[in-house]
>>> print(open('upload10.txt').read())   # compact mmCIF, C-alpha atoms
# COMPACT_ATOMS: atom_id res chain seq x y z
CA MET A 216 4.74 -90.88 -73.54
CA CYS A 217 1.09 -90.89 -72.47
CA LEU A 218 -0.01 -94.39 -71.55
CA ALA A 219 -3.77 -94.22 -71.53
CA ILE A 220 -4.18 -97.49 -69.68
CA PRO A 221 -3.68 -98.10 -65.97
CA GLY A 222 -1.38 -100.89 -64.89
CA LYS A 223 -1.49 -103.21 -61.86
CA ILE A 224 1.24 -102.97 -59.22
CA ILE A 225 2.88 -106.38 -58.75
CA ASP A 226 5.94 -105.37 -56.69
CA LEU A 227 7.22 -102.43 -54.62
CA PHE A 228 10.80 -101.96 -53.41
CA VAL A 229 13.47 -99.37 -52.63
CA THR A 230 16.67 -99.27 -54.64
CA GLU A 231 19.44 -96.66 -54.26
CA ASN A 232 17.19 -94.56 -52.00
CA THR A 233 14.44 -94.46 -54.64
CA LYS A 234 10.95 -95.98 -54.29
CA MET A 235 10.49 -98.28 -57.26
CA GLY A 236 8.12 -101.05 -58.29
CA LYS A 237 6.92 -103.31 -61.04
CA VAL A 238 3.69 -102.67 -62.92
CA ASP A 239 1.85 -105.11 -65.17
CA PHE A 240 0.29 -103.59 -68.31
CA ASN A 241 -1.78 -106.39 -69.84
CA GLY A 242 1.03 -108.90 -69.37
CA VAL A 243 3.96 -106.53 -70.01
CA GLU A 244 5.96 -105.87 -66.83
CA VAL A 245 7.54 -102.43 -66.52
CA GLU A 246 9.80 -100.96 -63.82
CA VAL A 247 8.27 -97.79 -62.44
CA CYS A 248 9.31 -95.04 -60.01
CA PHE A 249 6.90 -94.61 -57.06
CA GLU A 250 8.47 -91.53 -55.42
CA ALA A 251 5.28 -89.46 -55.90
CA THR A 252 2.72 -92.11 -54.95
CA PRO A 253 3.79 -93.31 -51.48
CA GLU A 254 0.23 -94.51 -50.77
CA ALA A 255 0.40 -97.14 -53.55
CA GLN A 256 -0.02 -100.78 -52.52
CA ILE A 257 0.62 -104.03 -54.37
CA GLY A 258 -2.58 -104.87 -56.26
CA ASP A 259 -3.55 -101.23 -56.83
CA TYR A 260 -3.93 -99.84 -60.33
CA VAL A 261 -1.78 -96.83 -61.23
CA ILE A 262 -1.44 -94.32 -64.03
CA VAL A 263 2.19 -94.31 -65.18
CA HIS A 264 3.82 -91.60 -67.25
CA ALA A 265 7.35 -91.95 -68.64
CA GLY A 266 8.17 -94.62 -66.06
CA PHE A 267 6.79 -92.58 -63.18
CA ALA A 268 3.56 -93.34 -61.27
CA ILE A 269 1.46 -90.17 -61.10
CA SER A 270 -1.86 -91.38 -59.69
CA VAL A 271 -3.34 -94.40 -57.92
CA LEU A 272 -6.69 -95.24 -59.45
CA ASP A 273 -9.57 -94.61 -57.04
CA GLU A 274 -11.94 -97.54 -57.46
CA SER A 275 -14.80 -95.98 -55.49
CA GLU A 276 -14.65 -92.85 -57.67
CA ALA A 277 -14.67 -95.08 -60.75
CA GLN A 278 -17.81 -96.77 -59.45
CA GLU A 279 -19.44 -93.39 -58.75
CA THR A 280 -18.83 -92.31 -62.35
CA LEU A 281 -20.34 -95.58 -63.61
CA ASP A 282 -23.36 -95.00 -61.31
CA LEU A 283 -23.67 -91.50 -62.79
CA PHE A 284 -23.78 -93.03 -66.28
CA GLU A 285 -26.62 -95.28 -65.12
CA GLN A 286 -28.53 -92.25 -63.85
CA ILE A 287 -28.04 -90.49 -67.17
CA ASN A 288 -29.13 -93.60 -69.07
CA ASN A 289 -32.27 -93.82 -66.96
CA SER A 290 -33.10 -90.13 -67.26
CA GLN A 291 -32.87 -90.59 -71.03
CA ASP A 292 -35.34 -93.49 -70.80
CA ASN A 293 -37.71 -91.32 -68.80
CA ASN A 294 -37.45 -88.54 -71.37
CA SER A 295 -38.35 -90.83 -74.21
CA ASN A 296 -41.30 -92.37 -72.35
CA MET B 152 -9.97 -105.25 -63.10
CA GLN B 153 -13.51 -105.38 -64.32
CA ILE B 154 -14.15 -101.74 -63.51
CA ILE B 155 -11.48 -100.62 -66.02
CA GLU B 156 -13.17 -102.62 -68.77
CA LYS B 157 -16.43 -100.81 -68.07
CA PHE B 158 -14.83 -97.56 -69.30
CA ARG B 159 -14.45 -99.22 -72.71
CA ASP B 160 -18.10 -100.26 -72.98
CA LYS B 161 -19.21 -99.46 -76.54
CA ASN B 162 -22.91 -99.51 -75.64
CA GLN B 163 -22.33 -96.92 -72.92
CA ILE B 164 -20.38 -94.70 -75.36
CA GLU B 165 -23.35 -94.88 -77.74
CA ARG B 166 -25.74 -93.98 -74.91
CA ILE B 167 -23.62 -90.93 -73.99
CA ILE B 168 -23.51 -89.85 -77.64
CA THR B 169 -27.29 -90.18 -77.87
CA LYS B 170 -27.50 -87.97 -74.81
CA ILE B 171 -25.24 -85.39 -76.51
CA GLN B 172 -27.56 -85.45 -79.53
CA GLU B 173 -30.52 -84.75 -77.24
CA LEU B 174 -28.68 -81.88 -75.55
CA VAL B 175 -27.22 -80.01 -78.47
CA SER B 176 -29.15 -77.07 -79.94
CA ARG B 177 -26.43 -75.22 -81.90
CA LYS B 178 -22.87 -75.48 -83.16
CA TRP B 179 -20.11 -75.78 -80.56
CA LEU B 180 -16.35 -75.92 -81.01
CA ILE B 181 -14.50 -77.90 -78.39
CA MET B 182 -10.73 -78.29 -78.22
CA GLU B 183 -9.10 -81.37 -76.76
CA ILE B 184 -5.76 -80.13 -75.45
CA CYS B 185 -3.96 -83.45 -75.30
CA GLY B 186 -2.50 -85.17 -78.35
CA GLY B 187 -3.08 -88.57 -76.74
CA GLN B 188 -6.80 -87.75 -76.76
CA THR B 189 -6.59 -86.61 -80.41
CA HIS B 190 -5.26 -90.07 -81.26
CA ALA B 191 -7.99 -91.79 -79.25
CA ILE B 192 -10.63 -89.65 -81.01
CA MET B 193 -9.27 -90.50 -84.47
CA GLN B 194 -8.73 -94.18 -83.61
CA THR B 195 -12.27 -94.69 -82.34
CA GLY B 196 -13.85 -92.50 -85.04
CA LEU B 197 -15.55 -90.52 -82.28
CA GLN B 198 -15.86 -87.33 -84.35
CA GLY B 199 -17.93 -89.24 -86.91
CA LEU B 200 -20.31 -90.50 -84.21
CA LEU B 201 -20.96 -87.05 -82.76
CA PRO B 202 -23.79 -84.83 -84.00
CA ASP B 203 -22.72 -82.42 -86.78
CA GLU B 204 -23.06 -79.48 -84.42
CA ILE B 205 -20.06 -80.60 -82.35
CA GLU B 206 -16.68 -79.93 -83.89
CA LEU B 207 -13.56 -81.14 -82.12
CA ILE B 208 -10.42 -79.14 -82.75
CA HIS B 209 -7.03 -80.41 -81.79
CA GLY B 210 -4.83 -78.57 -79.34
CA PRO B 211 -1.12 -78.10 -78.68
CA GLY B 212 -0.79 -80.89 -76.09
CA CYS B 213 1.93 -82.82 -77.87
CA PRO B 214 5.25 -82.25 -76.11
CA VAL B 215 7.27 -83.57 -79.01
CA CYS B 216 5.50 -81.17 -81.39
CA VAL B 217 5.94 -77.97 -79.36
CA THR B 218 9.56 -78.45 -78.28
CA SER B 219 11.33 -75.50 -79.92
CA LEU B 220 13.38 -75.97 -83.05
CA GLU B 221 16.30 -74.26 -81.33
CA LEU B 222 16.28 -76.91 -78.62
CA ILE B 223 16.05 -79.75 -81.17
CA ASP B 224 19.10 -78.23 -82.89
CA LYS B 225 20.88 -78.01 -79.53
CA ALA B 226 20.06 -81.69 -78.90
CA ILE B 227 21.50 -82.56 -82.31
CA ALA B 228 24.64 -80.49 -81.57
CA ILE B 229 25.17 -82.26 -78.23
CA ALA B 230 24.42 -85.72 -79.62
CA SER B 231 26.98 -85.08 -82.38
CA LYS B 232 29.80 -84.64 -79.87
CA GLU B 233 32.31 -87.38 -79.18
CA ASN B 234 32.16 -88.99 -75.76
CA VAL B 235 28.41 -88.27 -75.40
CA ILE B 236 25.65 -90.83 -74.92
CA PHE B 237 22.49 -88.92 -75.82
CA THR B 238 19.27 -90.40 -74.41
CA SER B 239 15.72 -89.48 -75.32
CA TYR B 240 12.11 -90.60 -75.46
CA GLY B 241 11.72 -92.41 -78.78
CA ASP B 242 9.43 -89.93 -80.49
CA MET B 243 12.08 -87.19 -80.47
CA LEU B 244 14.48 -89.03 -82.76
CA ARG B 245 12.63 -88.34 -86.01
CA VAL B 246 11.61 -84.76 -85.20
CA PRO B 247 13.11 -82.56 -87.91
CA GLY B 248 15.73 -80.04 -86.80
CA SER B 249 16.90 -77.24 -89.08
CA GLU B 250 19.28 -79.51 -91.01
CA THR B 251 18.94 -83.06 -89.71
CA ASP B 252 17.39 -85.17 -86.93
CA LEU B 253 18.63 -87.28 -84.02
CA PHE B 254 17.91 -90.49 -85.89
CA SER B 255 20.33 -89.47 -88.63
CA ILE B 256 22.94 -88.57 -86.01
CA ARG B 257 22.59 -92.10 -84.63
CA ALA B 258 22.83 -93.54 -88.16
CA SER B 259 26.07 -91.59 -88.63
CA GLY B 260 27.58 -93.56 -85.74
CA ARG B 261 26.99 -91.40 -82.67
CA ASP B 262 25.58 -92.96 -79.50
CA VAL B 263 21.90 -91.92 -79.38
CA ARG B 264 19.70 -94.17 -77.27
CA VAL B 265 15.97 -94.40 -76.66
CA VAL B 266 15.03 -94.70 -73.00
CA TYR B 267 11.71 -95.42 -71.34
CA SER B 268 12.39 -93.12 -68.39
CA SER B 269 14.89 -90.55 -67.14
CA ILE B 270 15.96 -93.00 -64.42
CA ASP B 271 17.15 -95.35 -67.17
CA ALA B 272 19.35 -92.49 -68.43
CA VAL B 273 20.85 -92.06 -64.94
CA LYS B 274 21.59 -95.81 -64.87
CA ILE B 275 23.40 -95.48 -68.21
CA ALA B 276 25.47 -92.65 -66.67
CA GLU B 277 26.35 -94.84 -63.65
CA ASN B 278 27.41 -97.69 -65.95
CA ASN B 279 29.48 -95.44 -68.25
CA PRO B 280 31.49 -93.15 -65.95
CA GLU B 281 33.94 -92.27 -68.75
CA LYS B 282 31.09 -90.87 -70.93
CA GLU B 283 28.88 -87.79 -70.66
CA VAL B 284 25.25 -88.95 -70.55
CA VAL B 285 22.60 -86.43 -71.56
CA PHE B 286 18.83 -86.89 -71.26
CA PHE B 287 16.42 -84.88 -73.43
CA GLY B 288 13.99 -83.83 -70.69
CA ILE B 289 11.00 -82.58 -72.67
CA GLY B 290 7.35 -82.70 -71.72
CA PHE B 291 4.35 -81.07 -70.12
CA GLU B 292 3.55 -80.95 -66.40
CA THR B 293 2.82 -84.70 -66.55
CA THR B 294 6.42 -85.50 -67.44
CA ALA B 295 8.06 -82.79 -65.31
CA PRO B 296 8.33 -84.90 -62.12
CA ALA B 297 9.35 -88.00 -64.12
CA ASN B 298 12.23 -86.02 -65.66
CA GLY B 299 13.01 -84.03 -62.50
CA ILE B 300 13.55 -87.13 -60.37
CA SER B 301 16.64 -87.90 -62.46
CA VAL B 302 18.56 -84.77 -61.46
CA ILE B 303 17.52 -85.26 -57.83
CA LYS B 304 18.86 -88.81 -58.02
CA ALA B 305 22.03 -87.76 -59.84
CA LYS B 306 22.73 -85.04 -57.27
CA LYS B 307 21.99 -87.32 -54.31
CA ASN B 308 24.17 -90.13 -55.65
CA GLY B 309 26.98 -87.84 -56.87
CA ILE B 310 26.64 -88.84 -60.55
CA LYS B 311 28.60 -86.07 -62.21
CA ASN B 312 28.54 -87.32 -65.81
CA TYR B 313 24.75 -86.90 -66.09
CA SER B 314 22.94 -83.82 -67.38
CA MET B 315 19.52 -82.93 -68.77
CA LEU B 316 18.50 -80.78 -71.74
CA THR B 317 15.33 -79.38 -70.23
CA SER B 318 12.18 -78.11 -71.93
CA ILE B 319 9.06 -78.33 -69.83
CA VAL B 320 5.94 -76.51 -71.03
CA ARG B 321 2.68 -75.89 -69.17
CA VAL B 322 -0.92 -76.16 -70.35
CA PRO B 323 -2.66 -73.19 -68.64
CA PRO B 324 -0.53 -70.44 -70.31
CA ALA B 325 -1.09 -72.14 -73.71
CA MET B 326 -4.86 -72.22 -73.10
CA GLN B 327 -4.77 -68.54 -72.25
CA ALA B 328 -2.75 -67.77 -75.40
CA ILE B 329 -5.38 -69.61 -77.48
CA LEU B 330 -8.24 -67.75 -75.77
CA GLU B 331 -6.48 -64.38 -76.15
CA SER B 332 -5.94 -64.89 -79.90
CA GLN B 333 -8.20 -62.79 -82.14
CA GLU B 334 -8.69 -65.83 -84.34
CA ASN B 335 -9.82 -68.01 -81.46
CA ARG B 336 -12.82 -70.26 -82.17
CA VAL B 337 -12.65 -72.46 -79.06
CA GLN B 338 -15.79 -72.42 -76.87
CA GLY B 339 -14.95 -75.23 -74.48
CA PHE B 340 -11.95 -77.35 -73.54
CA LEU B 341 -11.25 -80.95 -72.67
CA ALA B 342 -8.36 -80.54 -70.21
CA ALA B 343 -5.64 -83.19 -70.31
CA GLY B 344 -6.46 -85.66 -67.55
CA HIS B 345 -2.91 -86.71 -66.79
CA VAL B 346 -1.59 -83.15 -66.59
CA CYS B 347 -4.37 -82.61 -64.03
CA ALA B 348 -3.44 -85.85 -62.23
CA VAL B 349 -0.18 -84.11 -61.36
CA MET B 350 -1.25 -80.46 -61.05
CA GLY B 351 -4.91 -80.76 -60.04
CA TYR B 352 -7.38 -78.45 -61.76
CA HIS B 353 -7.58 -75.41 -59.49
CA GLU B 354 -5.34 -73.38 -61.84
CA TYR B 355 -8.02 -73.67 -64.54
CA GLU B 356 -10.69 -72.04 -62.40
CA PRO B 357 -9.43 -68.44 -62.95
CA ILE B 358 -9.21 -69.14 -66.72
CA VAL B 359 -12.82 -70.33 -66.81
CA GLU B 360 -13.83 -67.27 -64.80
CA LYS B 361 -11.92 -64.79 -66.99
CA TYR B 362 -12.81 -66.17 -70.42
CA GLN B 363 -16.20 -67.70 -69.57
CA THR B 364 -15.14 -70.93 -71.26
CA PRO B 365 -16.04 -74.24 -69.60
CA ILE B 366 -13.44 -76.95 -69.11
CA SER B 367 -13.94 -80.68 -68.52
CA VAL B 368 -11.02 -82.58 -67.02
CA THR B 369 -11.00 -85.62 -69.30
CA GLY B 370 -9.47 -89.09 -69.27
CA PHE B 371 -8.19 -91.25 -72.10
CA GLU B 372 -10.53 -94.21 -72.54
CA PRO B 373 -13.05 -93.69 -75.36
CA LEU B 374 -15.86 -93.50 -72.80
CA ASP B 375 -13.91 -90.90 -70.80
CA ILE B 376 -13.62 -88.71 -73.89
CA ALA B 377 -17.31 -89.09 -74.72
CA TRP B 378 -18.09 -88.20 -71.09
CA GLY B 379 -15.81 -85.14 -71.26
CA ILE B 380 -17.55 -83.96 -74.45
CA TYR B 381 -20.99 -84.57 -72.94
CA SER B 382 -20.05 -82.59 -69.80
CA THR B 383 -18.70 -79.68 -71.86
CA VAL B 384 -21.72 -79.57 -74.17
CA ARG B 385 -24.03 -79.70 -71.16
CA MET B 386 -22.22 -76.77 -69.50
CA LEU B 387 -22.33 -74.77 -72.75
CA GLU B 388 -26.01 -75.50 -73.35
CA VAL B 389 -27.22 -74.67 -69.85
CA GLY B 390 -24.75 -71.79 -69.36
CA GLU B 391 -23.11 -73.40 -66.33
CA ILE B 392 -19.55 -72.21 -66.92
CA LYS B 393 -17.10 -74.01 -64.61
CA VAL B 394 -14.41 -76.67 -64.38
CA PHE B 395 -16.05 -80.10 -64.36
CA ASN B 396 -13.98 -83.10 -63.30
CA ALA B 397 -14.94 -85.91 -65.69
CA TYR B 398 -11.99 -88.06 -64.56
CA THR B 399 -12.49 -88.35 -60.80
CA ARG B 400 -10.98 -91.83 -60.51
CA VAL B 401 -7.56 -90.33 -61.34
CA VAL B 402 -7.74 -86.55 -60.76
CA SER B 403 -8.39 -84.51 -57.62
CA ARG B 404 -8.68 -80.72 -57.41
CA ASP B 405 -5.29 -80.40 -55.71
CA GLY B 406 -3.51 -83.04 -57.81
CA ASN B 407 -0.52 -85.07 -56.67
CA ILE B 408 1.19 -83.02 -53.96
CA ALA B 409 4.29 -85.25 -53.79
CA ALA B 410 4.80 -84.85 -57.55
CA GLN B 411 4.35 -81.09 -57.23
CA GLN B 412 7.01 -81.05 -54.49
CA ILE B 413 9.46 -82.69 -56.89
CA ILE B 414 8.60 -80.02 -59.47
CA ASP B 415 9.07 -77.22 -56.90
CA GLN B 416 12.39 -78.69 -55.82
CA VAL B 417 13.85 -78.89 -59.33
CA TYR B 418 12.27 -76.27 -61.58
CA GLU B 419 11.47 -72.57 -61.76
CA SER B 420 9.22 -70.67 -64.13
CA CYS B 421 10.51 -69.31 -67.47
CA ASP B 422 9.29 -68.10 -70.84
CA ARG B 423 9.21 -70.85 -73.46
CA ASN B 424 9.27 -70.77 -77.23
CA TRP B 425 6.60 -73.18 -78.54
CA ARG B 426 7.44 -74.58 -81.94
CA GLY B 427 5.08 -73.14 -84.55
CA ILE B 428 3.41 -70.86 -82.00
CA GLY B 429 6.14 -68.58 -80.61
CA ILE B 430 7.15 -67.38 -77.18
CA ILE B 431 4.50 -67.65 -74.48
CA PRO B 432 5.52 -65.77 -71.32
CA GLU B 433 5.93 -67.84 -68.14
CA SER B 434 4.77 -70.93 -70.01
CA GLY B 435 7.43 -73.37 -68.92
CA TRP B 436 9.93 -74.54 -66.39
CA LYS B 437 13.72 -74.66 -66.39
CA LEU B 438 16.16 -76.10 -63.84
CA LYS B 439 16.62 -74.11 -60.64
CA PRO B 440 20.07 -72.62 -59.85
CA GLU B 441 20.72 -75.49 -57.37
CA TYR B 442 20.61 -77.94 -60.30
CA LEU B 443 22.49 -75.94 -62.95
CA ASP B 444 25.41 -78.39 -62.66
CA PHE B 445 23.06 -80.84 -64.37
CA ASP B 446 21.94 -78.41 -67.10
CA ALA B 447 23.14 -79.75 -70.46
CA GLU B 448 22.79 -76.34 -72.16
CA ILE B 449 25.34 -74.91 -69.73
CA ARG B 450 27.60 -77.97 -69.64
CA PHE B 451 27.95 -78.14 -73.43
CA LYS B 452 27.74 -74.39 -74.12
CA VAL B 453 25.52 -74.89 -77.16
CA GLY B 454 24.61 -71.40 -78.33
CA GLY B 455 24.48 -69.27 -81.44
CA ILE B 456 22.20 -71.67 -83.26
CA ARG B 457 20.41 -70.38 -86.36
CA THR B 458 17.18 -72.24 -86.95
CA LYS B 459 15.40 -72.85 -90.23
CA GLU B 460 11.81 -74.12 -90.38
CA SER B 461 10.15 -75.86 -93.31
CA GLU B 462 8.43 -73.27 -95.50
CA ILE B 463 5.52 -75.55 -96.36
CA CYS B 464 4.61 -77.06 -92.98
CA ILE B 465 1.56 -75.50 -91.22
CA SER B 466 1.98 -77.37 -87.94
CA GLY B 467 1.92 -74.08 -85.98
CA LEU B 468 -1.62 -73.36 -87.21
CA ILE B 469 -2.62 -76.96 -86.47
CA LEU B 470 -1.25 -76.75 -82.91
CA GLN B 471 -3.32 -73.61 -82.32
CA GLY B 472 -6.48 -75.28 -83.62
CA LEU B 473 -6.68 -72.88 -86.58
CA LYS B 474 -6.21 -75.57 -89.25
CA LYS B 475 -6.75 -79.32 -89.52
CA PRO B 476 -3.98 -81.62 -90.80
CA ASN B 477 -5.84 -82.48 -94.01
CA GLN B 478 -5.95 -78.76 -94.89
CA CYS B 479 -2.17 -78.78 -95.37
CA PRO B 480 -1.05 -79.11 -99.03
CA ALA B 481 1.89 -81.31 -97.97
CA PHE B 482 -0.22 -83.72 -95.88
CA GLY B 483 0.12 -87.33 -96.97
CA ASN B 484 2.18 -86.57 -100.07
CA VAL B 485 5.35 -84.57 -99.37
CA CYS B 486 4.90 -85.01 -95.62
CA THR B 487 4.45 -88.50 -94.17
CA PRO B 488 5.53 -90.20 -90.91
CA GLN B 489 8.48 -91.68 -92.85
CA ASN B 490 9.48 -88.25 -94.18
CA PRO B 491 7.96 -85.67 -91.81
CA LEU B 492 8.24 -81.93 -92.46
CA GLY B 493 6.94 -81.06 -89.01
CA ALA B 494 6.86 -82.62 -85.58
CA THR B 495 3.07 -83.06 -85.67
CA MET B 496 3.61 -85.78 -88.30
CA VAL B 497 6.16 -87.61 -86.14
CA SER B 498 4.81 -88.01 -82.69
CA SER B 499 2.41 -90.63 -81.43
CA GLU B 500 0.60 -87.61 -79.96
CA GLY B 501 0.80 -85.39 -83.07
CA ALA B 502 -2.44 -84.47 -84.87
CA CYS B 503 -0.99 -85.00 -88.38
CA ALA B 504 0.27 -88.47 -87.45
CA ALA B 505 -3.19 -89.30 -86.06
CA TYR B 506 -4.92 -88.17 -89.27
CA TYR B 507 -2.37 -90.05 -91.39
CA ARG B 508 -2.83 -93.23 -89.42
CA TYR B 509 -6.59 -93.28 -88.97
CA THR B 510 -8.12 -91.45 -91.93
CA GLN B 511 -8.13 -92.00 -95.67
CA HIS B 512 -5.86 -89.63 -97.57
>>> encode(input="upload10.txt", output="structure tokens")
Amino acid sequence: MCLAIPGKIIDLFVTENTKMGKVDFNGVEVEVCFEATPEAQIGDYVIVHAGFAISVLDESEAQETLDLFEQINNSQDNNSN
Amino acid sequence: MQIIEKFRDKNQIERIITKIQELVSRKWLIMEICGGQTHAIMQTGLQGLLPDEIELIHGPGCPVCVTSLELIDKAIAIASKENVIFTSYGDMLRVPGSETDLFSIRASGRDVRVVYSSIDAVKIAENNPEKEVVFFGIGFETTAPANGISVIKAKKNGIKNYSMLTSIVRVPPAMQAILESQENRVQGFLAAGHVCAVMGYHEYEPIVEKYQTPISVTGFEPLDIAWGIYSTVRMLEVGEIKVFNAYTRVVSRDGNIAAQQIIDQVYESCDRNWRGIGIIPESGWKLKPEYLDFDAEIRFKVGGIRTKESEICISGLILQGLKKPNQCPAFGNVCTPQNPLGATMVSSEGACAAYYRYTQH
């Protein structure tokens, strides 16, 4: 049930009073419920669990983590110098 | 998205592991709660890359594995009835009940279907008004809103031939049960990132405080897991005991409020029997009285079930982190994914299945 990978939102719509959408996982399109992620926009990446979007991926946070890795890499270099 | 690829960067994983080697001064035992992470660890061979001092032990975070035998038997009893279309996530079909499994019930001619989501099960109910459609609504907090939305939808749209066999379990009470155990060896946790995506991580703060055990909220890419281990080792080594969020691009402290509202609307707290572990008080959710019309246990009056577990299988000890799969005498010979004795050998999140698939045996 746990899909480790985020998918890209390619469509959002409402059907039978339920917020739904289509998400592309590396070329595989899956219908997903968006009731709990009203902020999601087409083009965003989402974490989907059992056909239900649980979190919109925060790109700026992702970048901050990557920056943190760089800092750690550099501190390691300093230590070994 | 290029940024996603960067969380799979092998060179960066190696750099983080080097950093762990620099940090570590003694032996530490860290439990990854989530079975999805266990699989990622085995698949990438991460344990082998880590310094010998770090031992990863595998936790109970496999919903298929911990769903109680009694409930599996109830599912089998319901699926065996005429006029029922029984729907389930695929992994549940091969989970052994006391006498048989759902897959065998399907092979015997009953209508048992694999669905991707609970909403698919509601659609089946709409398209088959003359049938009773039952969805096996198992899972952790991550799956609770995904399952819960189906009864909200069924109630709103007046779909009376839909019901759910519900078994939701929660991570924090299980963590506490592990930490309370006299045999506990766990010194730090990797919390399941997607459970935290829904629930946030504030409910782990009192656990960290009480048991002085650090927790890193951890994602699922190999680099995320390495980062979670690094963060936990760092906290253990410097004595900074707290909850560290190592998955900020997906998880916030408060979690997904809209998802929590769905949970609050549909479920209330209950004791749950964890397969192989036993009853953990207040460790799960059941349907609220407002949704009991959609409760399959009530609709089908399945009671008086006598369960019988395999006498050889040690999956309970494995789920508590007390044993590893390859310490089981049945592993890989009597017990295989094709002929599983316990649920841990079935599920794509089960530790035994991960060992079987990714290690030599």
>>> closest_atom_pairs(input="upload10.txt", of="chain B", to="chain A", cutoff="6 Å", atoms="all atoms listed in the file", output="Markdown table")
| residue | atom | partner | partner_atom | distance |
| --- | --- | --- | --- | --- |
| B:Ser268 | CA | A:Gly266 | CA | 5.0 |
| B:Ala297 | CA | A:Phe267 | CA | 5.3 |
| B:Phe371 | CA | A:Ala219 | CA | 5.4 |
| B:Thr399 | CA | A:Glu276 | CA | 5.9 |
| B:Arg400 | CA | A:Asp273 | CA | 4.7 |
| B:Val401 | CA | A:Leu272 | CA | 5.3 |
| B:Ala409 | CA | A:Ala251 | CA | 4.8 |
| B:Ala410 | CA | A:Ala251 | CA | 4.9 |
>>> residues_near_point(input="upload10.txt", point="(23.4, -92.2, -62.4)", cutoff="7 Å", atoms="only C-alpha atoms", output="NGL selection string")
:B and (273-277 or 305 or 310 or 313)
>>> residues_around(input="upload10.txt", residues="B:Gly299", least_positions_apart="2", cutoff="9 Å", atoms="only C-alpha atoms", output="number ranges by chain")
B: 269, 288, 294-297, 301-304, 413-414, 416-418, 438
>>> atom_distance(input="upload10.txt", atom1="atom CA of B:Gly379", atom2="atom CA of B:Gly467")
25.6 Å
>>> closest_residue(input="upload10.txt", among="B:Pro247, B:Gly370, B:Gly493, B:Gly309", to="B:Ala397", atoms="all atoms listed in the file")
B:Gly370
>>> residues_near_point(input="upload10.txt", point="(-10.3, -78.4, -88.0)", cutoff="10 Å", atoms="all atoms listed in the file", output="PyMOL selection string")
chain B and resi 180+182+206-209+469+472-478
>>> write_last_selection(input="upload10.txt", atoms="C-alpha atoms", output="CSV table (one decimal), in the frame of the given file")
chain,number,residue,atom,x,y,z
B,180,LEU,CA,-16.4,-75.9,-81.0
B,182,MET,CA,-10.7,-78.3,-78.2
B,206,GLU,CA,-16.7,-79.9,-83.9
B,207,LEU,CA,-13.6,-81.1,-82.1
B,208,ILE,CA,-10.4,-79.1,-82.8
B,209,HIS,CA,-7.0,-80.4,-81.8
B,469,ILE,CA,-2.6,-77.0,-86.5
B,472,GLY,CA,-6.5,-75.3,-83.6
B,473,LEU,CA,-6.7,-72.9,-86.6
B,474,LYS,CA,-6.2,-75.6,-89.2
B,475,LYS,CA,-6.8,-79.3,-89.5
B,476,PRO,CA,-4.0,-81.6,-90.8
B,477,ASN,CA,-5.8,-82.5,-94.0
B,478,GLN,CA,-6.0,-78.8,-94.9
>>> atom_distance(input="upload10.txt", atom1="atom CA of B:Glu173", atom2="atom CA of B:Glu391")
17.4 Å
>>> closest_residue(input="upload10.txt", among="B:Ala230, B:Ser239, B:Phe445, B:Ile463", to="B:Ala258", atoms="all atoms listed in the file")
B:Ala230
>>> axis_aligned_box(input="upload10.txt", around="stretch 164-169 of chain B", padding_each_side="6 Å", output="lines of an AutoDock Vina configuration file")
center_x = -23.8
center_y = -92.4
center_z = -75.9
size_x = 18.9
size_y = 17.0
size_z = 15.9
>>> residues_around(input="upload10.txt", residues="B:Gly390", least_positions_apart="5", cutoff="12 Å", atoms="all atoms listed in the file", output="ChimeraX atom specification")
/B:338-339,363-365,382-385
>>> write_last_selection(input="upload10.txt", atoms="C-alpha atoms", output="PDB file, in the frame of the given file")
ATOM      1  CA  GLN B 338     -15.790 -72.420 -76.870  1.00  0.00           C
ATOM      2  CA  GLY B 339     -14.950 -75.230 -74.480  1.00  0.00           C
ATOM      3  CA  GLN B 363     -16.200 -67.700 -69.570  1.00  0.00           C
ATOM      4  CA  THR B 364     -15.140 -70.930 -71.260  1.00  0.00           C
ATOM      5  CA  PRO B 365     -16.040 -74.240 -69.600  1.00  0.00           C
ATOM      6  CA  SER B 382     -20.050 -82.590 -69.800  1.00  0.00           C
ATOM      7  CA  THR B 383     -18.700 -79.680 -71.860  1.00  0.00           C
ATOM      8  CA  VAL B 384     -21.720 -79.570 -74.170  1.00  0.00           C
ATOM      9  CA  ARG B 385     -24.030 -79.700 -71.160  1.00  0.00           C
TER      10      ARG B 385
END
